[in-house]
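Student: Input file: target07.cif. Contents: mmCIF, C-alpha atoms and all ligand atoms.
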```
data_structure
loop_
_atom_site.label_atom_id
_atom_site.label_comp_id
_atom_site.auth_asym_id
_atom_site.auth_seq_id
_atom_site.Cartn_x
_atom_site.Cartn_y
_atom_site.Cartn_z
CA MET A 1 49.04 -30.32 38.91
CA ASP A 2 51.45 -32.92 40.31
CA GLU A 3 50.25 -36.46 40.68
CA ASP A 4 49.96 -36.71 44.45
CA ARG A 5 48.00 -33.45 44.64
CA GLU A 6 45.65 -34.59 41.89
CA GLN A 7 45.19 -37.84 43.79
CA ILE A 8 44.27 -35.96 46.95
CA ILE A 9 41.71 -33.85 45.14
CA VAL A 10 40.13 -36.84 43.43
CA GLU A 11 39.96 -38.92 46.60
CA SER A 12 38.73 -36.21 48.88
CA ASN A 13 36.55 -34.13 46.66
CA GLN A 14 33.92 -34.20 49.38
CA ASN A 15 36.47 -33.52 52.01
CA GLY A 16 37.40 -29.86 52.08
CA GLU A 17 39.17 -30.24 55.40
CA LYS A 18 41.69 -32.65 53.90
CA ILE A 19 42.42 -30.35 50.97
CA PHE A 20 42.64 -27.42 53.35
CA SER A 21 45.09 -29.10 55.65
CA HIS A 22 47.31 -30.26 52.79
CA ALA A 23 47.35 -26.79 51.21
CA MET A 24 47.89 -25.14 54.58
CA THR A 25 50.95 -27.32 55.24
CA GLU A 26 52.41 -26.11 51.96
CA PHE A 27 51.52 -22.51 52.69
CA VAL A 28 53.02 -22.59 56.17
CA SER A 29 56.27 -24.03 54.82
CA ASP A 30 56.72 -21.32 52.16
CA PRO A 31 54.05 -18.64 51.61
CA GLU A 32 56.04 -16.84 48.91
CA ALA A 33 56.45 -19.99 46.85
CA CYS A 34 52.73 -20.71 47.20
CA LEU A 35 51.87 -17.30 45.78
CA CYS A 36 54.10 -17.93 42.77
CA ALA A 37 53.19 -21.59 42.28
CA LYS A 38 51.59 -22.56 38.98
CA ARG A 39 48.87 -24.57 40.66
CA SER A 40 46.64 -22.59 42.93
CA ILE A 41 47.32 -23.42 46.53
CA ILE A 42 45.36 -20.32 47.52
CA GLY A 43 42.46 -21.71 45.45
CA ASP A 44 42.65 -24.98 47.38
CA LEU A 45 42.65 -23.07 50.66
CA ILE A 46 39.55 -21.11 49.64
CA TYR A 47 37.82 -24.29 48.55
CA GLY A 48 38.82 -26.15 51.69
CA TRP A 49 37.84 -23.30 53.99
CA GLY A 50 34.42 -23.56 52.36
CA ASN A 51 32.89 -20.20 53.23
CA ALA A 52 31.10 -18.31 50.48
CA TRP A 53 31.97 -15.09 52.31
CA SER A 54 35.70 -15.73 52.02
CA ALA A 55 37.92 -13.31 50.18
CA GLN A 56 38.48 -14.44 46.59
CA GLU A 57 41.79 -15.43 45.10
CA GLU A 58 42.87 -12.14 43.50
CA TYR A 59 42.17 -10.08 46.59
CA LEU A 60 43.67 -12.67 48.92
CA GLY A 61 46.78 -12.91 46.73
CA CYS A 62 47.16 -9.13 46.78
CA CYS A 63 46.76 -9.02 50.59
CA LEU A 64 49.38 -11.74 51.02
CA GLY A 65 51.76 -10.09 48.56
CA HIS A 66 51.58 -6.88 50.56
CA ALA A 67 51.82 -8.72 53.88
CA LEU A 68 55.05 -10.30 52.63
CA ARG A 69 56.47 -6.88 51.71
CA VAL A 70 55.60 -4.80 54.76
CA ARG A 71 57.76 -4.84 57.84
CA ALA A 72 55.29 -3.42 60.32
CA PRO A 73 51.93 -4.19 61.99
CA ILE A 74 48.90 -5.23 59.94
CA LEU A 75 45.28 -4.48 60.74
CA GLU A 76 42.49 -6.66 59.41
CA CYS A 77 38.81 -5.69 59.49
CA GLY A 78 36.68 -8.84 59.41
CA SER A 79 38.08 -12.28 60.11
CA GLY A 80 38.26 -15.46 58.07
CA LEU A 81 40.66 -17.42 55.91
CA SER A 82 42.67 -14.26 55.24
CA SER A 83 43.34 -13.98 58.99
CA LEU A 84 45.00 -17.39 59.04
CA LEU A 85 47.11 -16.80 55.95
CA VAL A 86 48.20 -13.31 56.96
CA GLY A 87 48.78 -14.78 60.43
CA VAL A 88 51.28 -17.22 58.92
CA VAL A 89 53.16 -14.39 57.21
CA ALA A 90 53.07 -12.13 60.28
CA LYS A 91 54.49 -14.88 62.45
CA LYS A 92 57.28 -15.66 59.99
CA ARG A 93 58.17 -11.98 59.58
CA GLY A 94 57.82 -11.21 63.29
CA TYR A 95 55.31 -8.37 63.35
CA PRO A 96 51.88 -8.08 64.99
CA HIS A 97 48.64 -8.71 63.15
CA TRP A 98 45.41 -7.38 64.68
CA VAL A 99 42.03 -8.65 63.53
CA LEU A 100 38.72 -6.97 64.34
CA GLU A 101 35.64 -9.18 64.37
CA HIS A 102 32.13 -8.51 65.64
CA MET A 103 30.63 -12.00 65.43
CA PRO A 104 31.79 -14.44 68.14
CA ILE A 105 30.96 -17.47 65.98
CA TRP A 106 33.46 -16.45 63.25
CA ALA A 107 36.06 -15.26 65.74
CA LYS A 108 35.85 -18.62 67.49
CA LYS A 109 36.36 -20.57 64.30
CA VAL A 110 39.32 -18.41 63.26
CA GLN A 111 40.86 -18.61 66.73
CA ARG A 112 40.56 -22.40 66.70
CA TYR A 113 42.64 -22.53 63.51
CA LEU A 114 45.09 -19.90 64.73
CA ASP A 115 45.69 -22.03 67.81
CA ALA A 116 46.00 -25.24 65.80
CA TYR A 117 48.72 -23.68 63.63
CA GLU A 118 50.29 -21.80 66.57
CA LEU A 119 49.87 -18.44 64.86
CA ASP A 120 50.48 -16.37 67.93
CA SER A 121 51.37 -13.07 66.22
CA THR A 122 47.67 -12.64 65.46
CA VAL A 123 45.32 -11.04 67.98
CA VAL A 124 41.59 -11.36 67.29
CA CYS A 125 39.50 -8.68 69.03
CA THR A 126 35.87 -9.72 69.27
CA LYS A 127 33.31 -7.12 70.24
CA PRO A 128 29.91 -6.12 68.86
CA LEU A 129 29.95 -3.24 66.39
CA ARG A 130 29.62 0.13 68.11
CA ASP A 131 27.19 2.82 67.00
CA PHE A 132 29.19 5.99 66.32
CA GLY A 133 26.14 7.99 65.19
CA ASP A 134 26.42 8.25 61.39
CA PHE A 135 28.04 4.88 61.15
CA ALA A 136 28.65 1.66 63.05
CA TRP A 137 32.09 0.11 63.17
CA TYR A 138 34.34 -2.10 65.28
CA ASP A 139 35.23 -0.98 68.77
CA PRO A 140 38.99 -1.68 68.85
CA PRO A 141 41.11 -1.65 72.04
CA LEU A 142 43.11 1.37 70.82
CA GLN A 143 45.16 1.70 74.00
CA SER A 144 46.77 -1.72 73.48
CA MET A 145 47.18 -1.52 69.71
CA PRO A 146 50.30 -0.45 67.74
CA ASP A 147 50.87 3.27 67.07
CA SER A 148 50.65 2.73 63.36
CA PHE A 149 49.74 0.07 60.81
CA ALA A 150 51.52 -0.42 57.50
CA LEU A 151 48.73 -2.43 55.89
CA VAL A 152 44.96 -2.61 56.40
CA ILE A 153 42.98 -5.52 54.97
CA CYS A 154 39.45 -4.21 54.90
CA ASP A 155 36.91 -6.97 54.23
CA GLY A 156 34.45 -6.13 57.00
CA PRO A 157 32.13 -5.23 58.54
CA PRO A 158 29.43 -6.66 56.23
CA GLY A 159 28.05 -4.35 53.55
CA ASN A 160 24.68 -3.85 55.25
CA THR A 161 26.31 -2.22 58.31
CA LYS A 162 25.27 1.41 58.93
CA GLY A 163 27.84 3.49 57.01
CA GLY A 164 29.37 0.33 55.54
CA ARG A 165 33.13 0.19 56.08
CA TYR A 166 33.57 3.95 56.37
CA GLY A 167 34.41 3.80 60.10
CA LEU A 168 38.03 2.84 59.42
CA ALA A 169 38.90 6.43 58.49
CA SER A 170 37.23 7.90 61.54
CA VAL A 171 38.19 5.41 64.26
CA MET A 172 41.71 4.46 63.11
CA ARG A 173 42.78 7.78 61.56
CA ASP A 174 45.67 8.34 64.01
CA ARG A 175 47.13 4.89 63.35
CA LEU A 176 47.17 5.21 59.55
CA LYS A 177 50.17 7.23 58.38
CA ALA A 178 51.65 8.13 55.00
CA GLY A 179 52.78 4.99 53.19
CA CYS A 180 50.06 2.82 54.74
CA VAL A 181 48.23 0.67 52.18
CA VAL A 182 44.52 -0.07 52.60
CA LEU A 183 43.09 -2.95 50.57
CA LEU A 184 39.31 -2.71 50.36
CA ASP A 185 37.43 -5.70 48.99
CA ASP A 186 34.08 -5.72 47.18
CA ALA A 187 34.80 -2.70 44.99
CA ASP A 188 32.20 -3.97 42.54
CA ARG A 189 29.72 -2.42 45.01
CA LYS A 190 28.96 1.26 44.50
CA LYS A 191 28.92 1.78 48.26
CA GLU A 192 32.54 0.62 48.65
CA ARG A 193 33.66 2.94 45.85
CA GLU A 194 31.94 5.86 47.54
CA ILE A 195 33.58 4.98 50.84
CA ALA A 196 36.99 4.82 49.15
CA ARG A 197 36.39 8.24 47.63
CA ARG A 198 35.56 9.64 51.08
CA TRP A 199 38.64 7.99 52.56
CA THR A 200 40.93 9.49 49.91
CA SER A 201 39.94 13.00 50.82
CA GLU A 202 39.76 12.46 54.59
CA LEU A 203 42.95 10.40 54.91
CA CYS A 204 44.73 11.78 51.88
CA GLY A 205 45.47 8.86 49.62
CA THR A 206 45.76 7.68 46.06
CA VAL A 207 43.49 4.96 44.81
CA ASP A 208 43.86 2.14 42.32
CA MET A 209 40.98 -0.05 41.20
CA LEU A 210 42.29 -3.59 40.84
CA GLY A 211 41.21 -7.09 39.88
CA HIS A 212 40.59 -8.88 36.61
CA SER A 213 37.70 -6.63 35.58
CA GLY A 214 39.21 -3.53 37.14
CA ASP A 215 36.70 -3.24 39.94
CA GLN A 216 37.21 -6.19 42.27
CA TYR A 217 39.06 -4.37 45.01
CA ILE A 218 40.59 -1.02 45.79
CA LYS A 219 44.12 -0.23 46.86
CA MET A 220 44.49 3.07 48.64
CA THR A 221 47.97 4.34 49.51
CA LEU A 222 48.16 7.11 52.06
CA VAL A 223 50.35 10.02 51.05
CA ASP A 224 51.87 12.86 52.97
CA LYS A 225 49.43 15.74 53.17
CA SER A 226 52.19 18.13 52.13
CA SER A 227 52.95 16.16 48.93
CA ALA A 228 49.25 16.03 48.10
CA ILE A 229 49.13 19.81 48.36
CA THR A 230 52.26 20.25 46.20
CA LEU A 231 50.87 17.89 43.57
CA PRO A 232 47.25 18.85 43.15
CA GLY A 233 45.00 15.93 42.26
CA VAL A 234 47.28 13.23 43.64
CA ALA A 235 44.81 12.44 46.39
CA MET A 236 42.16 11.46 43.87
CA ARG A 237 44.03 9.45 41.26
CA TRP A 238 41.65 6.75 40.10
CA SER A 239 43.33 4.36 37.69
CA ILE A 240 40.12 3.41 35.97
CA GLY A 241 38.04 6.50 35.39
CA GLN A 242 36.29 8.36 38.14
CA VAL A 243 34.06 6.76 40.73
CA PRO A 244 30.87 6.07 38.84
C1 LIG B 1 33.67 -11.03 54.01
S1 LIG B 1 33.84 -11.68 55.61
C2 LIG B 1 35.59 -11.67 55.86
C3 LIG B 1 36.25 -12.71 55.05
C4 LIG B 1 37.71 -12.86 55.31
N1 LIG B 1 38.48 -11.76 54.79
C5 LIG B 1 38.16 -14.16 54.65
O1 LIG B 1 39.08 -14.16 53.85
O2 LIG B 1 37.57 -15.18 54.96
C6 LIG B 1 33.37 -10.30 56.57
C7 LIG B 1 32.59 -10.63 57.80
O3 LIG B 1 31.47 -11.39 57.46
C8 LIG B 1 31.11 -12.24 58.53
N2 LIG B 1 30.99 -13.60 58.00
C9 LIG B 1 31.98 -14.44 57.67
N3 LIG B 1 31.46 -15.58 57.16
C10 LIG B 1 30.13 -15.43 57.18
C11 LIG B 1 29.05 -16.24 56.80
N4 LIG B 1 29.24 -17.46 56.27
N5 LIG B 1 27.80 -15.78 56.97
C12 LIG B 1 27.59 -14.58 57.51
N6 LIG B 1 28.59 -13.74 57.90
C13 LIG B 1 29.83 -14.16 57.72
C14 LIG B 1 32.18 -12.13 59.60
O4 LIG B 1 31.68 -11.31 60.63
C15 LIG B 1 33.31 -11.44 58.84
O5 LIG B 1 34.04 -10.61 59.66
#
```
Using structure tokens, write down the structure from this file.
Ligand SMILES: C[S@@+](CC[C@H](N)C(=O)[O-])C[C@H]1O[C@@H](n2cnc3c(N)ncnc32)[C@H](O)[C@@H]1O

Tutor:
Amino acid sequence: MDEDREQIIVESNQNGEKIFSHAMTEFVSDPEACLCAKRSIIGDLIYGWGNAWSAQEEYLGCCLGHALRVRAPILECGSGLSSLLVGVVAKKRGYPHWVLEHMPIWAKKVQRYLDAYELDSTVVCTKPLRDFGDFAWYDPPLQSMPDSFALVICDGPPGNTKGGRYGLASVMRDRLKAGCVVLLDDADRKKEREIARRWTSELCGTVDMLGHSGDQYIKMTLVDKSSAITLPGVAMRWSIGQVP
């Protein structure tokens, strides 16, 4: 850790906002360098944001790595720190970033920060979850959204929602094409692994279990239905065993 950063952390240990704003300045100036930096700027951002529900460092790093690689719209389910950081990347790269949020209080907080950092490539859609029968999910304004998304960051709705996060496959199916990557957090929960398994067969994708213990989050890559048929089993490739 360099001296001035250490000084900041010592002096403002009680002051997450100060750490956040310092780390955010660095992130805004060069997100790629921040991801590669030896000291954890992402860790400072998580600490400074101060929400126990925030995405953790590995997942956030993976989301940002993908956001830096894609060249097309990003969809995010559930808002928070990730929305700001992906918002920075989306603005720099010049593609739209749509965020679905059902709780006005969180949307308001995120929007306040988006405005403060002038992250105007990000659109936060705030609406209560809609009951679709077997599941509840966001109620996105499909008619004004992009035709397809290259990356989906799926960290909402909360786990106790009816049907969990399943609704993505049903509601957004037409906007998720071959090559799209879906990053699903909280894969340590059995329910998320079951949802991912359902997605792979309904959307046709391959799945990798990722994170330090191999079950922190799931990466699903959508494949062409025709290639899945030619290569039997490709749609259900689990890197770490089968879904328990
Ligand atoms: C896991 S959070 C999303 C976190 C986001 N990806 C981030 O990096 O901060 C998923 C949803 O939980 C809700 N949420 C966020 N913070 C919360 C809190 N402190 N208490 C209760 N619900 C919260 C919001 O509705 C949010 O969309």

Student: Would you pick out the contacts of Pro31 (chain A) at 10 Å or less, using all atoms listed in the file, so that residues sharing its chain but fewer than 5 positions from it are not included, and give the list as a compact mmCIF listing (two decimals) with C-alpha atoms, in the frame of the given file?

Tutor:
```txt
# COMPACT_ATOMS: atom_id res chain seq x y z
CA MET A 24 47.89 -25.14 54.58
CA THR A 25 50.95 -27.32 55.24
CA GLU A 26 52.41 -26.11 51.96
CA CYS A 36 54.10 -17.93 42.77
CA ALA A 37 53.19 -21.59 42.28
CA ILE A 41 47.32 -23.42 46.53
CA ILE A 42 45.36 -20.32 47.52
CA LEU A 64 49.38 -11.74 51.02
CA GLY A 65 51.76 -10.09 48.56
CA LEU A 68 55.05 -10.30 52.63
CA LEU A 85 47.11 -16.80 55.95
CA VAL A 86 48.20 -13.31 56.96
CA VAL A 88 51.28 -17.22 58.92
CA VAL A 89 53.16 -14.39 57.21
CA LYS A 92 57.28 -15.66 59.99
```

Student: Given only C-alpha atoms as the basis, pick out the residue of A:Val124, A:Leu210, A:Leu176, A:Met145 nearest to Ser79 (chain A).

Tutor: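 Among the listed residues, the smallest separation from Ser79 (chain A) belongs to A:Val124.
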
Student: Please return as a VMD selection string the residues found within 9 Å of ligand LIG 1 (chain B), counting all atoms listed in the file.

Tutor: chain A and resid 46 49 to 56 59 to 60 76 to 85 100 to 107 153 to 159 185 to 186

Student: Quote the spacing between CA of Trp137 (chain A) and CA of Val99 (chain A) in Å to one decimal place.

Tutor: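 Atom-to-atom, CA of Trp137 (chain A) and CA of Val99 (chain A) are spaced 13.3 Å apart.
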
Student: Kindly list the centre and edge lengths in Å, rounded to one decimal, for the axis-aligned box that covers all listed atoms of region 31-47 of chain A plus 3 Å on each of its six sides, as JSON.

Tutor:
```
{"center_x": 47.1, "center_y": -20.9, "center_z": 45.3, "size_x": 24.6, "size_y": 14.1, "size_z": 18.6}
```

Student: Would you mind reading off the distance between CA of Arg198 (chain A) and CA of Val152 (chain A), one decimal, in Å?

Tutor: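 About the pair CA of Arg198 (chain A) and CA of Val152 (chain A): they are 16.3 Å apart.
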
Student: Return the single residue from A:Glu32, A:His97, A:Ala196, A:Ser213 that is closest to Ala150 (chain A), with distances computed using all atoms listed in the file.

Tutor: A:His97

Student: Nearest to Ile19 (chain A) among A:Leu45, A:Cys62, A:Leu183, A:Ile195, with distances taken over only C-alpha atoms: which residue is it?

Tutor: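 Closest to Ile19 (chain A), using only C-alpha atoms: A:Leu45.
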
Student: A:Arg93, A:Lys108, A:Lys18, A:Arg130: which is nearest Gly163 (chain A), counting all atoms listed in the file?

Tutor: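 Of A:Arg93, A:Lys108, A:Lys18, A:Arg130, the one nearest Gly163 (chain A), counting all atoms listed in the file, is A:Arg130.
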
Student: So how many Å separate CA of Phe135 (chain A) and CA of Met172 (chain A), to one decimal?

Tutor: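 Between these atoms lies a distance of 13.8 Å.
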
Student: Give me the residues near Ala72 (chain A) as a PyMOL selection string, where near means some atom within 8 Å (using all atoms listed in the file) and where sequence neighbours in that chain fewer than 6 positions away do not count.

Tutor: chain A and resi 95-96+149-151

Student: Any idea what's packed within 7 Å of Leu222 (chain A), counting only C-alpha atoms, ignoring anything in its chain fewer than 6 positions away? Could you give it as a short mmCIF file (atom, residue, chain, number, x, y, z; two decimals) with C-alpha atoms, in the coordinates of the input?

Tutor:
```
data_model
loop_
_atom_site.label_atom_id
_atom_site.label_comp_id
_atom_site.auth_asym_id
_atom_site.auth_seq_id
_atom_site.Cartn_x
_atom_site.Cartn_y
_atom_site.Cartn_z
CA LYS A 177 50.17 7.23 58.38
CA ALA A 178 51.65 8.13 55.00
CA GLY A 179 52.78 4.99 53.19
CA CYS A 180 50.06 2.82 54.74
CA VAL A 181 48.23 0.67 52.18
CA LEU A 203 42.95 10.40 54.91
CA CYS A 204 44.73 11.78 51.88
CA GLY A 205 45.47 8.86 49.62
CA THR A 206 45.76 7.68 46.06
#
```

Student: Ranking A:Met220, A:Leu114, A:Val28, A:Val171 by minimum distance to Leu142 (chain A) and counting all atoms listed in the file, which one comes first?

Tutor: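 Closest to Leu142 (chain A) of all the choices is A:Val171.
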
Student: Restricting the calculation to all atoms listed in the file, which member of A:Gly61, A:Pro73, A:Gly167, A:Gly214 is positioned closest to Asp134 (chain A)?

Tutor: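 For Asp134 (chain A), the nearest of the given residues is A:Gly167.
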